[in-house]
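Trainee: Next up, work-v6.pdb (PDB, C-alpha atoms, pLDDT in the B column).
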```pdb
ATOM      1  CA  MET B   1     -82.123 -93.917  17.112  1.00 46.00           C
ATOM      2  CA  ALA B   2     -83.950 -94.673  13.874  1.00 50.00           C
ATOM      3  CA  TYR B   3     -84.187 -90.964  13.191  1.00 48.00           C
ATOM      4  CA  LEU B   4     -80.397 -90.575  13.358  1.00 48.00           C
ATOM      5  CA  ASN B   5     -79.804 -93.447  10.929  1.00 55.00           C
ATOM      6  CA  GLN B   6     -82.171 -91.892   8.414  1.00 59.00           C
ATOM      7  CA  ALA B   7     -80.407 -88.510   8.649  1.00 59.00           C
ATOM      8  CA  GLN B   8     -76.977 -90.068   8.131  1.00 63.00           C
ATOM      9  CA  ALA B   9     -78.267 -91.951   5.088  1.00 63.00           C
ATOM     10  CA  LYS B  10     -79.534 -88.681   3.536  1.00 64.00           C
ATOM     11  CA  ASN B  11     -76.237 -86.974   4.123  1.00 67.00           C
ATOM     12  CA  ARG B  12     -74.293 -89.812   2.563  1.00 73.00           C
ATOM     13  CA  LYS B  13     -76.431 -89.589  -0.573  1.00 73.00           C
ATOM     14  CA  SER B  14     -75.908 -85.890  -0.846  1.00 75.00           C
ATOM     15  CA  ALA B  15     -72.146 -86.299  -0.537  1.00 75.00           C
ATOM     16  CA  VAL B  16     -72.088 -89.001  -3.211  1.00 76.00           C
ATOM     17  CA  ILE B  17     -74.109 -86.757  -5.565  1.00 79.00           C
ATOM     18  CA  MET B  18     -71.753 -83.801  -5.038  1.00 80.00           C
ATOM     19  CA  VAL B  19     -68.650 -85.918  -5.619  1.00 76.00           C
ATOM     20  CA  GLY B  20     -70.160 -87.226  -8.844  1.00 77.00           C
ATOM     21  CA  ALA B  21     -71.011 -83.779  -9.999  1.00 78.00           C
ATOM     22  CA  ILE B  22     -67.458 -82.587  -9.367  1.00 81.00           C
ATOM     23  CA  HIS B  23     -66.024 -85.514 -11.327  1.00 76.00           C
ATOM     24  CA  ALA B  24     -68.395 -84.777 -14.194  1.00 78.00           C
ATOM     25  CA  VAL B  25     -67.277 -81.162 -14.356  1.00 73.00           C
ATOM     26  CA  ILE B  26     -63.611 -82.154 -14.295  1.00 78.00           C
ATOM     27  CA  GLY B  27     -64.153 -84.720 -17.029  1.00 72.00           C
ATOM     28  CA  TYR B  28     -65.969 -82.215 -19.219  1.00 70.00           C
ATOM     29  CA  GLY B  29     -63.169 -79.751 -18.803  1.00 68.00           C
ATOM     30  CA  LEU B  30     -60.600 -82.320 -19.825  1.00 68.00           C
ATOM     31  CA  ILE B  31     -62.583 -83.298 -22.893  1.00 66.00           C
ATOM     32  CA  VAL B  32     -63.123 -79.726 -24.014  1.00 59.00           C
ATOM     33  CA  GLY B  33     -59.508 -78.774 -23.351  1.00 59.00           C
ATOM     34  CA  LEU B  34     -58.134 -81.643 -25.367  1.00 54.00           C
ATOM     35  CA  ALA B  35     -60.446 -80.950 -28.349  1.00 54.00           C
ATOM     36  CA  PRO B  36     -58.194 -79.851 -31.290  1.00 55.00           C
ATOM     37  CA  GLY B  37     -58.718 -76.345 -32.684  1.00 55.00           C
ATOM     38  CA  LEU B  38     -61.217 -75.238 -30.050  1.00 53.00           C
ATOM     39  CA  PHE B  39     -58.909 -72.993 -28.028  1.00 52.00           C
ATOM     40  CA  ASP B  40     -56.103 -72.428 -30.612  1.00 59.00           C
ATOM     41  CA  PRO B  41     -54.826 -68.800 -30.686  1.00 62.00           C
ATOM     42  CA  PRO B  42     -55.650 -66.837 -33.832  1.00 67.00           C
ATOM     43  CA  ALA B  43     -53.039 -66.653 -36.584  1.00 69.00           C
ATOM     44  CA  PRO B  44     -50.872 -63.500 -36.355  1.00 69.00           C
ATOM     45  CA  LYS B  45     -51.430 -60.841 -39.004  1.00 70.00           C
ATOM     46  CA  PRO B  46     -48.503 -60.113 -41.327  1.00 71.00           C
ATOM     47  CA  PHE B  47     -46.367 -57.067 -40.239  1.00 65.00           C
ATOM     48  CA  ILE B  48     -46.309 -54.269 -42.773  1.00 70.00           C
ATOM     49  CA  GLY B  49     -43.427 -51.769 -42.222  1.00 65.00           C
ATOM     50  CA  THR B  50     -43.586 -48.077 -43.134  1.00 70.00           C
ATOM     51  CA  GLN B  51     -40.880 -45.338 -43.227  1.00 72.00           C
ATOM     52  CA  ILE B  52     -41.410 -42.306 -41.002  1.00 74.00           C
ATOM     53  CA  PRO B  53     -39.383 -39.182 -42.053  1.00 76.00           C
ATOM     54  CA  LEU B  54     -37.214 -37.888 -39.240  1.00 73.00           C
ATOM     55  CA  PRO B  55     -35.811 -34.325 -38.973  1.00 79.00           C
ATOM     56  CA  PRO B  56     -32.096 -34.022 -39.774  1.00 80.00           C
ATOM     57  CA  VAL B  57     -29.809 -34.253 -36.808  1.00 76.00           C
ATOM     58  CA  PRO B  58     -28.295 -30.796 -36.044  1.00 77.00           C
ATOM     59  CA  PRO B  59     -24.519 -30.637 -36.131  1.00 77.00           C
ATOM     60  CA  PRO B  60     -22.790 -30.454 -32.772  1.00 74.00           C
ATOM     61  CA  PRO B  61     -22.049 -26.897 -31.587  1.00 74.00           C
ATOM     62  CA  GLU B  62     -18.603 -25.609 -32.346  1.00 73.00           C
ATOM     63  CA  THR B  63     -16.582 -24.988 -29.250  1.00 68.00           C
ATOM     64  CA  ASP B  64     -13.266 -23.221 -28.918  1.00 65.00           C
ATOM     65  CA  PRO B  65     -10.511 -25.547 -27.940  1.00 60.00           C
ATOM     66  CA  GLN B  66      -9.748 -24.998 -24.325  1.00 63.00           C
ATOM     67  CA  PRO B  67      -6.100 -24.330 -23.577  1.00 58.00           C
ATOM     68  CA  THR B  68      -4.399 -27.073 -21.813  1.00 56.00           C
ATOM     69  CA  GLU B  69      -3.903 -26.083 -18.237  1.00 59.00           C
ATOM     70  CA  LEU B  70      -0.282 -26.323 -17.371  1.00 56.00           C
ATOM     71  CA  THR B  71       0.613 -27.791 -14.118  1.00 59.00           C
ATOM     72  CA  LYS B  72       2.263 -25.210 -11.935  1.00 62.00           C
ATOM     73  CA  PRO B  73       5.651 -26.241 -10.679  1.00 62.00           C
ATOM     74  CA  VAL B  74       5.633 -27.217  -7.115  1.00 64.00           C
ATOM     75  CA  THR B  75       7.773 -24.824  -5.125  1.00 71.00           C
ATOM     76  CA  PRO B  76       9.550 -26.541  -2.302  1.00 69.00           C
ATOM     77  CA  PRO B  77       8.852 -25.061   1.098  1.00 72.00           C
ATOM     78  CA  ILE B  78      11.238 -22.377   2.285  1.00 74.00           C
ATOM     79  CA  TYR B  79      13.624 -23.668   4.834  1.00 63.00           C
ATOM     80  CA  THR B  80      13.750 -21.478   7.897  1.00 69.00           C
ATOM     81  CA  PRO B  81      16.726 -22.178  10.120  1.00 64.00           C
ATOM     82  CA  PRO B  82      16.040 -22.346  13.799  1.00 66.00           C
ATOM     83  CA  SER B  83      16.490 -19.081  15.651  1.00 63.00           C
ATOM     84  CA  ALA B  84      19.749 -18.539  17.419  1.00 58.00           C
ATOM     85  CA  GLN B  85      19.665 -19.146  21.063  1.00 60.00           C
ATOM     86  CA  ASP B  86      20.689 -16.470  23.491  1.00 57.00           C
ATOM     87  CA  ILE B  87      23.999 -17.654  24.824  1.00 58.00           C
ATOM     88  CA  ASN B  88      24.163 -14.808  27.310  1.00 58.00           C
ATOM     89  CA  PRO B  89      21.290 -15.252  29.754  1.00 58.00           C
ATOM     90  CA  ASN B  90      22.365 -12.148  31.688  1.00 64.00           C
ATOM     91  CA  PRO B  91      22.736  -9.224  29.195  1.00 60.00           C
ATOM     92  CA  ILE B  92      24.655  -6.129  30.169  1.00 60.00           C
ATOM     93  CA  GLN B  93      22.390  -3.317  31.404  1.00 62.00           C
ATOM     94  CA  ILE B  94      23.180   0.070  29.807  1.00 59.00           C
ATOM     95  CA  ASP B  95      22.175   3.268  31.565  1.00 57.00           C
ATOM     96  CA  THR B  96      20.367   5.599  29.135  1.00 60.00           C
ATOM     97  CA  THR B  97      19.904   8.513  31.522  1.00 61.00           C
ATOM     98  CA  THR B  98      20.532  11.889  29.833  1.00 61.00           C
ATOM     99  CA  ILE B  99      23.622  13.620  31.195  1.00 60.00           C
ATOM    100  CA  ILE B 100      23.631  17.428  31.076  1.00 63.00           C
ATOM    101  CA  LEU B 101      27.142  18.814  30.635  1.00 58.00           C
ATOM    102  CA  PRO B 102      28.186  22.033  32.418  1.00 63.00           C
ATOM    103  CA  PRO B 103      28.445  25.194  30.293  1.00 65.00           C
ATOM    104  CA  PHE B 104      31.578  25.428  28.200  1.00 57.00           C
ATOM    105  CA  ASP B 105      33.967  28.229  29.107  1.00 63.00           C
ATOM    106  CA  PRO B 106      35.105  30.305  26.084  1.00 62.00           C
ATOM    107  CA  PRO B 107      38.811  30.226  25.290  1.00 61.00           C
ATOM    108  CA  PRO B 108      40.916  33.060  26.734  1.00 63.00           C
ATOM    109  CA  LEU B 109      41.427  36.100  24.543  1.00 60.00           C
ATOM    110  CA  ALA B 110      44.784  36.735  22.958  1.00 58.00           C
ATOM    111  CA  GLN B 111      47.008  39.397  24.463  1.00 60.00           C
ATOM    112  CA  GLY B 112      46.204  42.925  23.358  1.00 56.00           C
ATOM    113  CA  THR B 113      42.580  42.186  22.297  1.00 54.00           C
ATOM    114  CA  VAL B 114      39.491  43.513  24.030  1.00 57.00           C
ATOM    115  CA  GLY B 115      36.194  41.683  23.717  1.00 56.00           C
ATOM    116  CA  PRO B 116      35.203  39.096  21.096  1.00 59.00           C
ATOM    117  CA  PRO B 117      36.540  39.419  17.542  1.00 59.00           C
ATOM    118  CA  LYS B 118      34.494  41.546  15.139  1.00 63.00           C
ATOM    119  CA  PRO B 119      32.841  39.933  12.119  1.00 59.00           C
ATOM    120  CA  PHE B 120      34.690  40.158   8.815  1.00 54.00           C
ATOM    121  CA  THR B 121      33.589  42.989   6.555  1.00 60.00           C
ATOM    122  CA  SER B 122      34.441  43.604   2.935  1.00 55.00           C
ATOM    123  CA  ALA B 123      37.275  46.037   2.487  1.00 55.00           C
ATOM    124  CA  THR B 124      35.804  47.351  -0.826  1.00 59.00           C
ATOM    125  CA  PRO B 125      32.189  48.485  -0.380  1.00 58.00           C
ATOM    126  CA  PRO B 126      30.158  49.342  -3.514  1.00 59.00           C
ATOM    127  CA  SER B 127      31.581  52.481  -5.079  1.00 73.00           C
ATOM    128  CA  PHE B 128      28.476  53.474  -7.112  1.00 81.00           C
ATOM    129  CA  THR B 129      24.709  53.437  -6.550  1.00 91.00           C
ATOM    130  CA  PRO B 130      22.828  52.016  -9.545  1.00 92.00           C
ATOM    131  CA  VAL B 131      20.599  54.497 -11.404  1.00 92.00           C
ATOM    132  CA  ASP B 132      17.714  54.109 -13.873  1.00 93.00           C
ATOM    133  CA  VAL B 133      17.216  55.650 -17.290  1.00 94.00           C
ATOM    134  CA  LYS B 134      16.455  59.398 -17.233  1.00 94.00           C
ATOM    135  CA  PRO B 135      15.517  61.871 -20.022  1.00 95.00           C
ATOM    136  CA  ARG B 136      18.437  64.011 -21.163  1.00 93.00           C
ATOM    137  CA  ASN B 137      16.383  66.561 -23.184  1.00 94.00           C
ATOM    138  CA  ASP B 138      12.926  68.081 -22.565  1.00 94.00           C
ATOM    139  CA  PRO B 139      10.151  65.425 -22.820  1.00 93.00           C
ATOM    140  CA  GLY B 140       7.669  68.195 -23.680  1.00 92.00           C
ATOM    141  CA  ALA B 141       9.506  68.772 -26.954  1.00 93.00           C
ATOM    142  CA  TRP B 142       9.214  65.162 -28.086  1.00 94.00           C
ATOM    143  CA  VAL B 143       5.571  65.579 -29.298  1.00 94.00           C
ATOM    144  CA  THR B 144       3.938  69.008 -29.829  1.00 93.00           C
ATOM    145  CA  THR B 145       0.750  70.391 -31.357  1.00 91.00           C
ATOM    146  CA  SER B 146       2.711  71.322 -34.463  1.00 92.00           C
ATOM    147  CA  ASP B 147       2.897  67.591 -35.158  1.00 94.00           C
ATOM    148  CA  TYR B 148      -0.876  67.513 -35.768  1.00 94.00           C
ATOM    149  CA  ARG B 149      -1.849  66.871 -39.352  1.00 93.00           C
ATOM    150  CA  SER B 150      -4.736  68.783 -40.906  1.00 93.00           C
ATOM    151  CA  SER B 151      -6.736  65.577 -41.397  1.00 94.00           C
ATOM    152  CA  TRP B 152      -6.381  64.741 -37.691  1.00 94.00           C
ATOM    153  CA  ILE B 153      -7.568  68.259 -36.786  1.00 93.00           C
ATOM    154  CA  ASN B 154     -10.558  68.008 -39.128  1.00 93.00           C
ATOM    155  CA  ARG B 155     -11.536  64.691 -37.548  1.00 93.00           C
ATOM    156  CA  GLU B 156     -10.872  66.140 -34.051  1.00 94.00           C
ATOM    157  CA  MET B 157      -8.634  63.210 -33.068  1.00 94.00           C
ATOM    158  CA  ILE B 158      -7.531  63.537 -29.444  1.00 95.00           C
ATOM    159  CA  GLY B 159      -6.471  61.129 -26.686  1.00 95.00           C
ATOM    160  CA  THR B 160      -3.664  59.944 -24.418  1.00 96.00           C
ATOM    161  CA  THR B 161      -1.073  57.433 -25.645  1.00 96.00           C
ATOM    162  CA  GLY B 162       1.073  55.473 -23.164  1.00 96.00           C
ATOM    163  CA  PHE B 163       4.462  54.177 -24.305  1.00 96.00           C
ATOM    164  CA  LYS B 164       7.529  52.269 -23.106  1.00 96.00           C
ATOM    165  CA  VAL B 165      10.935  52.880 -24.674  1.00 95.00           C
ATOM    166  CA  GLN B 166      13.849  50.436 -24.503  1.00 95.00           C
ATOM    167  CA  VAL B 167      17.054  52.510 -24.118  1.00 95.00           C
ATOM    168  CA  GLY B 168      20.503  51.286 -25.081  1.00 94.00           C
ATOM    169  CA  THR B 169      23.843  51.989 -23.455  1.00 94.00           C
ATOM    170  CA  ASP B 170      24.326  55.032 -25.731  1.00 93.00           C
ATOM    171  CA  GLY B 171      21.136  56.705 -24.431  1.00 92.00           C
ATOM    172  CA  ARG B 172      19.133  56.310 -27.650  1.00 93.00           C
ATOM    173  CA  ALA B 173      15.756  54.607 -28.004  1.00 93.00           C
ATOM    174  CA  GLU B 174      16.124  51.152 -29.489  1.00 94.00           C
ATOM    175  CA  SER B 175      12.417  50.206 -29.552  1.00 94.00           C
ATOM    176  CA  CYS B 176       9.044  51.642 -28.594  1.00 95.00           C
ATOM    177  CA  LEU B 177       5.927  49.821 -27.334  1.00 95.00           C
ATOM    178  CA  ILE B 178       2.416  51.283 -26.972  1.00 96.00           C
ATOM    179  CA  THR B 179       1.108  50.449 -23.469  1.00 96.00           C
ATOM    180  CA  ARG B 180      -2.115  52.506 -23.734  1.00 95.00           C
ATOM    181  CA  SER B 181      -3.974  53.444 -26.903  1.00 95.00           C
ATOM    182  CA  SER B 182      -5.459  56.868 -27.522  1.00 94.00           C
ATOM    183  CA  GLY B 183      -8.222  55.254 -29.545  1.00 94.00           C
ATOM    184  CA  HIS B 184      -6.625  56.282 -32.847  1.00 95.00           C
ATOM    185  CA  ASP B 185      -3.972  54.146 -34.527  1.00 95.00           C
ATOM    186  CA  ALA B 186      -2.536  57.158 -36.347  1.00 95.00           C
ATOM    187  CA  LEU B 187      -1.818  59.017 -33.075  1.00 95.00           C
ATOM    188  CA  ASP B 188      -0.311  55.888 -31.460  1.00 96.00           C
ATOM    189  CA  GLN B 189       2.022  55.211 -34.392  1.00 95.00           C
ATOM    190  CA  ALA B 190       3.058  58.907 -34.530  1.00 95.00           C
ATOM    191  CA  THR B 191       3.899  58.843 -30.798  1.00 95.00           C
ATOM    192  CA  CYS B 192       6.450  56.024 -31.107  1.00 95.00           C
ATOM    193  CA  ALA B 193       7.893  57.443 -34.329  1.00 95.00           C
ATOM    194  CA  LEU B 194       8.452  60.971 -32.873  1.00 95.00           C
ATOM    195  CA  ILE B 195       9.876  59.740 -29.521  1.00 95.00           C
ATOM    196  CA  SER B 196      12.282  57.301 -31.199  1.00 94.00           C
ATOM    197  CA  LYS B 197      13.517  60.227 -33.338  1.00 94.00           C
ATOM    198  CA  ARG B 198      13.681  63.076 -30.781  1.00 95.00           C
ATOM    199  CA  ALA B 199      14.099  61.564 -27.308  1.00 95.00           C
ATOM    200  CA  ARG B 200      17.537  61.410 -25.696  1.00 94.00           C
ATOM    201  CA  PHE B 201      18.263  59.640 -22.404  1.00 96.00           C
ATOM    202  CA  GLN B 202      20.902  59.176 -19.784  1.00 94.00           C
ATOM    203  CA  PRO B 203      21.507  55.404 -19.817  1.00 94.00           C
ATOM    204  CA  ALA B 204      21.126  53.287 -16.692  1.00 94.00           C
ATOM    205  CA  LYS B 205      24.232  52.419 -14.654  1.00 93.00           C
ATOM    206  CA  ASN B 206      25.048  49.391 -12.531  1.00 92.00           C
ATOM    207  CA  SER B 207      26.842  49.238  -9.146  1.00 90.00           C
ATOM    208  CA  LYS B 208      30.196  49.621 -10.919  1.00 89.00           C
ATOM    209  CA  GLY B 209      29.106  52.817 -12.717  1.00 89.00           C
ATOM    210  CA  GLU B 210      28.949  51.084 -16.095  1.00 92.00           C
ATOM    211  CA  ASN B 211      26.290  51.989 -18.670  1.00 93.00           C
ATOM    212  CA  ILE B 212      23.659  49.276 -19.096  1.00 94.00           C
ATOM    213  CA  GLY B 213      20.424  48.972 -21.027  1.00 92.00           C
ATOM    214  CA  GLY B 214      17.139  50.021 -19.424  1.00 94.00           C
ATOM    215  CA  SER B 215      13.628  51.226 -20.143  1.00 94.00           C
ATOM    216  CA  TYR B 216      11.589  54.414 -19.776  1.00 95.00           C
ATOM    217  CA  SER B 217       7.769  54.640 -19.591  1.00 95.00           C
ATOM    218  CA  SER B 218       5.499  57.688 -19.898  1.00 95.00           C
ATOM    219  CA  SER B 219       2.511  59.036 -21.889  1.00 95.00           C
ATOM    220  CA  VAL B 220       1.636  61.771 -24.414  1.00 94.00           C
ATOM    221  CA  ARG B 221      -1.579  63.859 -24.318  1.00 94.00           C
ATOM    222  CA  TRP B 222      -2.746  64.699 -27.837  1.00 94.00           C
ATOM    223  CA  GLN B 223      -4.740  67.984 -27.785  1.00 92.00           C
ATOM    224  CA  LEU B 224      -6.015  70.024 -30.707  1.00 92.00           C
ATOM    225  CA  PRO B 225      -4.032  73.241 -31.323  1.00 88.00           C
ATOM    226  CA  ASN B 226      -5.739  76.547 -30.472  1.00 80.00           C
TER     227      ASN B 226
END
```
Spit out the file's structure as structure tokens when you get a sec.

Mentor:
Amino acid sequence: MAYLNQAQAKNRKSAVIMVGAIHAVIGYGLIVGLAPGLFDPPAPKPFIGTQIPLPPVPPPPETDPQPTELTKPVTPPIYTPPSAQDINPNPIQIDTTTIILPPFDPPPLAQGTVGPPKPFTSATPPSFTPVDVKPRNDPGAWVTTSDYRSSWINREMIGTTGFKVQVGTDGRAESCLITRSSGHDALDQATCALISKRARFQPAKNSKGENIGGSYSSSVRWQLPN
């Protein structure tokens, strides 16, 4: 029992010492905290301003003015009248079957006629057969070897010249066209010149026997004289 009293006495002393120590610390803190100038914040330094150059602000981009969108007029809905009602619930049925008629009898012939009537024919058939242009004189005499010039003979100019003559209603040549060259312009030009001068023709005729214009085509063989 004495041992327990001694232990409690020691514990009481220790508690008293700890409480005193705590009070001492709190008192010191109060004294130090209330001391003037000990924990004052430092004086702020004066602010010195400077100018920093900034880049110029770019101008806003140019934009084309947008056209004002017009409001489309509102079209009223199309009024559709109600469909007509069928007032005849039982329509008439129509027969569409193809009907073949019997063959038609020809009308009776008039008295005094035999068989069907003959087709109508013209009472004035053509009285003349058309003809083309024909030579009236000898074509061999139109161009001869005597028409050769000495210069053509010396140069041995030969060849065949084709021609076409336009003939008038009087049977004379109105124009001449070379359709095939002999290879020598002099012979070709002489051919048309001699035929236009010497040739005579029988003009063409139509179905009425009247003289009409036409054409005649042939050729001339130029050969050196013997």

Trainee: Enter the distance from CA of Leu177 in chain B to CA of Ser219 in chain B, in Å, rounded to one decimal.

Mentor: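 Interatomic distance here is 11.2 Å.
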
Trainee: Can you tell me which residues surround range 200-211 of chain B at a distance of at most 10 Å, considering only C-alpha atoms, apart from same-chain residues fewer than 4 positions away, and format the answer as a PyMOL selection string?

Mentor: chain B and resi 126-139+142+167-173+195-196+215-216

Trainee: Which one is closest to Thr144 in chain B: B:Val25, B:Ile52, B:Ala186, B:Leu194? Count all atoms listed in the file.

Mentor: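 Smallest separation from Thr144 in chain B among the options: B:Leu194.
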
Trainee: When distances are computed from only C-alpha atoms, which of B:Ala199, B:Ile22, B:Ala190, B:Ala141 shows the smallest separation from Gln166 in chain B?

Mentor: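 Smallest separation from Gln166 in chain B among the options: B:Ala199.
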
Trainee: Report, in Å to a single decimal, how far apart CA of Arg180 in chain B and CA of Gly162 in chain B are.

Mentor: 4.4 Å

Trainee: Measure the distance from CA of Thr145 in chain B to CA of Glu174 in chain B in Å and round it to one decimal.

Mentor: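 Atom-to-atom, CA of Thr145 in chain B and CA of Glu174 in chain B are spaced 24.7 Å apart.
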
Trainee: Translate the PyMOL selection byres ((chain B and resi 163) around 9), as applied to the file shown, into an explicit residue set as a list in words.

Mentor: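 Written out, the selection comes to Thr161, Gly162, Lys164, Val165, Cys176, Leu177, Ile178, Thr179, Arg180, Ser181, Asp188, Thr191, Cys192, Tyr216, Ser217, Ser218, Ser219 and Val220 of chain B.
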